[in-house]
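Peer 1: Handing you this structure, nothing more for now.
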Amino acid sequence: MSQLVTGEAVVLQVRIARMPTRALACAIDFVIQMIVLGTLLGFLLGFLIVEASPALGAALAIITVLLVVVGYKVVMETLTRGKTLGKLILGLKVVRDDGSSIRFRHALVRGLLWLFVDFAPWFAASPGIVASLMNKQGKRIGDMVAGTVVIRERHQPMASPPLFVPGHLVMWAQSLELSRLSDELANTCREYLARYMELEVSARVAIGDALAYRVGQVTAPAPPVHIIAPAFLSAVLAERRRRELARLATARATYSTNPYAAPTGPFGQPSQPNPYAAPAAAPNPYAVPAGPFAPPNPYGAQPPPYAPPPPPHRQPQAPSAEPTKVNAQGWHAPGSEPDQWS
C-alpha cells in the first residue's frame with residue numbers, strides 16, 4: 001500500500017504495481033506490437049519491391065517502427081487515460097503523482113523515455129529495471145520525469161474480518177455504551193482488522209493503538225483487563241453487530257403483521273362515525289366495482305373490521321312509592337327524602 005496526496009490535500013490509499021506485474025503487462029504489449037509491426041512491414045516490403053528505392057524503404061521502416069513502438073503506448077494511454085492492452089488485462093493503470101488521470105504530454109514523455117532511456121538497446125535495457133527496483137513506488141526513469149506512477153486497480157475483494165468477544169469479556173461487552181460510535185469509525189476499524197495481516201508489524205501496532213484510543217474515547221466502560229488493540233476493536237465491533245442484528249430482528253417481528261387485518265392506528269378505520277368529519281369524496285370511477293358482479297378477491301374473504309362491543313343496557317328503576325314529607329310552607333323537611341344509600 002502507498003499514499004498519494006491530491007491537490008485538495010486528500011490522502012489516497014493505492015496499491016503500487018510492482019516489477020513482475022509490470023513486466024508481464026509489458027510482455028503482452030510487446031507481443032501485440034510485434035504482430036502489428038510484422039503485418040505493416042509485410043505490406044511495406046511488397047511496396048518496396050515494386051518501387052526499389054533503398055533510401056525510401058529504410059526511412060519508411062524506421063518511421064513504422066517508431067510509430068508502432070512509441071505511438072502504440074502514447075495513443076493507448078492517452079485514449080484510455082493510462083491503460084494499454086497489457087495493463088488493461090492485468091488491471092493496471094498509469095496515473096499522475098496526485099492520483100489524477102494522465103494526458104498526452106505524460107504519455108509522450110513516458111513513451112519516448114521507455115524507448116531511448118529505460119529499455120534502450122545501447123544501455124542493455126537496464127536503466128528502467130534498476131530504477132524500478134530502487135524506487136519505493138516502482139517508478140522507472142520515464143515515470144520520474146513525467147510525474148506518473150503505475151497502480152493496481154483490480155485486487156482481491158476485502159473479506160469481512162472474523163469478529164468475536166473473548167469469553168471472559170462477554171459481560172463487559174454487553175454493558176458497553178456504543179451510541180457515540182460512528183459508522184465511519186466502525187468501518188475504519190473493520191478495514192484495519194481485514195488488512196491486519198497485510199500490514200507491517202510497526203504499522204499494525206501504530207494504527208491499532210490509534211484506532212483503539214479513538215474508540216475508547218467514545219465507548220464506556222473500559223475493559224476490566226488489559227487486552228491488545230486488535231482484540232479490543234474486534235470485541236467492540238462484534239457487540240455492535242450483535243445489537244444491530246437484534247434490533248433488525250425486533251423490527252422485522254414488529255412490522256410483520258397480518259396483511260388481511262383491518263388497519264389500526266391514526267390512519268385506521270374509526271370505530272364510530274365522526275359527526276364533524278368532512279363529507280365523503282366522490283366515488284372513484286377507476287376503482288374495482290363492488291357487488292355481486294365484482295371480480296373475485298385473490299386473497300379470499302377478509303374478516304370484518306373490528307367494532308367495539310355496545311355498552312350494556314340498564315333497566316330504568318321504578319320511582320319510590322314512599323310519599324315525600326313536606327312542611328306547612330311546601331318545601332321538603334330536612335331528613336324527609338328517601339334513603340338512597342341503604
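Just so we're on the same page: first chain in the C-alpha cells is A, next is B, and so on; residues restart at 1 for each chain, and ligands are numbered from 1 in the order they show up.
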Residues within 7 Å of range 20-29 of chain A, please, as a PyMOL selection string. Count only C-alpha atoms; anything in the same chain fewer than 5 positions from it doesn't count.
Peer 2: chain A and resi 85-87+90
Peer 1: So that I can see what lies close to range 239-255 of chain A, please list as a PDB file with C-alpha atoms, in the first residue's frame the residues with an atom at most 7 Å from it, counting only C-alpha atoms and leaving out residues fewer than 4 positions away in the same chain.
Peer 2:
```
ATOM      1  CA  ALA A 173     -19.213  -6.170  26.091  1.00  0.00           C
ATOM      2  CA  GLN A 174     -22.930  -6.344  26.874  1.00  0.00           C
ATOM      3  CA  ALA A 235     -14.886  -7.152  20.713  1.00  0.00           C
TER       4      ALA A 235
END
```
Peer 1: When DSSP is applied to the backbone of this structure, which of range 36-192 of chain A are assigned alpha helix (DSSP H)? Write them out as a PyMOL selection string.
Peer 2: chain A and resi 36-51+54-66+72-79+85-90+104-113+127-134+141-146+170-174+183-192
Peer 1: Would you work out the distance separating CA of Asp118 in chain A from CA of Leu88 in chain A, expressed in Å to one decimal?
Peer 2: 21.7 Å
Peer 1: Take CA of Ala61 in chain A and CA of Phe119 in chain A and report the distance between them in Å, one decimal.
Peer 2: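 Separation between CA of Ala61 in chain A and CA of Phe119 in chain A: 20.2 Å.
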Peer 1: Could you check the closest approach to Ile151 in chain A for each of A:Leu233, A:Val130, A:Ala17, A:Ala125 and tell me which residue wins, using only C-alpha atoms?
Peer 2: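 Distance minimum relative to Ile151 in chain A lands on A:Ala17.
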Peer 1: Measure the distance from CA of Thr219 in chain A to CA of Val236 in chain A in Å and round it to one decimal.
Peer 2: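 CA of Thr219 in chain A sits 8.8 Å away from CA of Val236 in chain A.
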Peer 1: Would you mind listing what lies within 8 Å of Lys83 in chain A as an mmCIF file with C-alpha atoms, in the first residue's frame, with only C-alpha atoms counted and same-chain residues fewer than 5 positions away left out?
Peer 2:
```
data_model
loop_
_atom_site.group_PDB
_atom_site.id
_atom_site.type_symbol
_atom_site.label_atom_id
_atom_site.label_comp_id
_atom_site.auth_asym_id
_atom_site.auth_seq_id
_atom_site.Cartn_x
_atom_site.Cartn_y
_atom_site.Cartn_z
ATOM 1 C CA MET A 76 -3.459 3.875 -25.995
ATOM 2 C CA GLU A 77 -2.526 5.632 -22.742
ATOM 3 C CA LEU A 88 -5.987 -3.493 -19.053
ATOM 4 C CA LEU A 92 -3.013 -1.734 -14.041
ATOM 5 C CA LYS A 93 -3.262 1.975 -14.706
ATOM 6 C CA VAL A 94 -0.873 4.902 -15.073
#
```
Peer 1: Looking at A:Val65, A:Ala194, A:Val145, A:Leu199, which one is nearest to Thr39 in chain A, with distances taken over only C-alpha atoms?
Peer 2: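 Going through A:Val65, A:Ala194, A:Val145, A:Leu199 one by one, the smallest distance to Thr39 in chain A is for A:Val65.
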Peer 1: Measuring between only C-alpha atoms, which one of A:Gln33, A:Leu163, A:Leu185, A:His168 shows the shortest distance to Lys73 in chain A?
Peer 2: A:Gln33
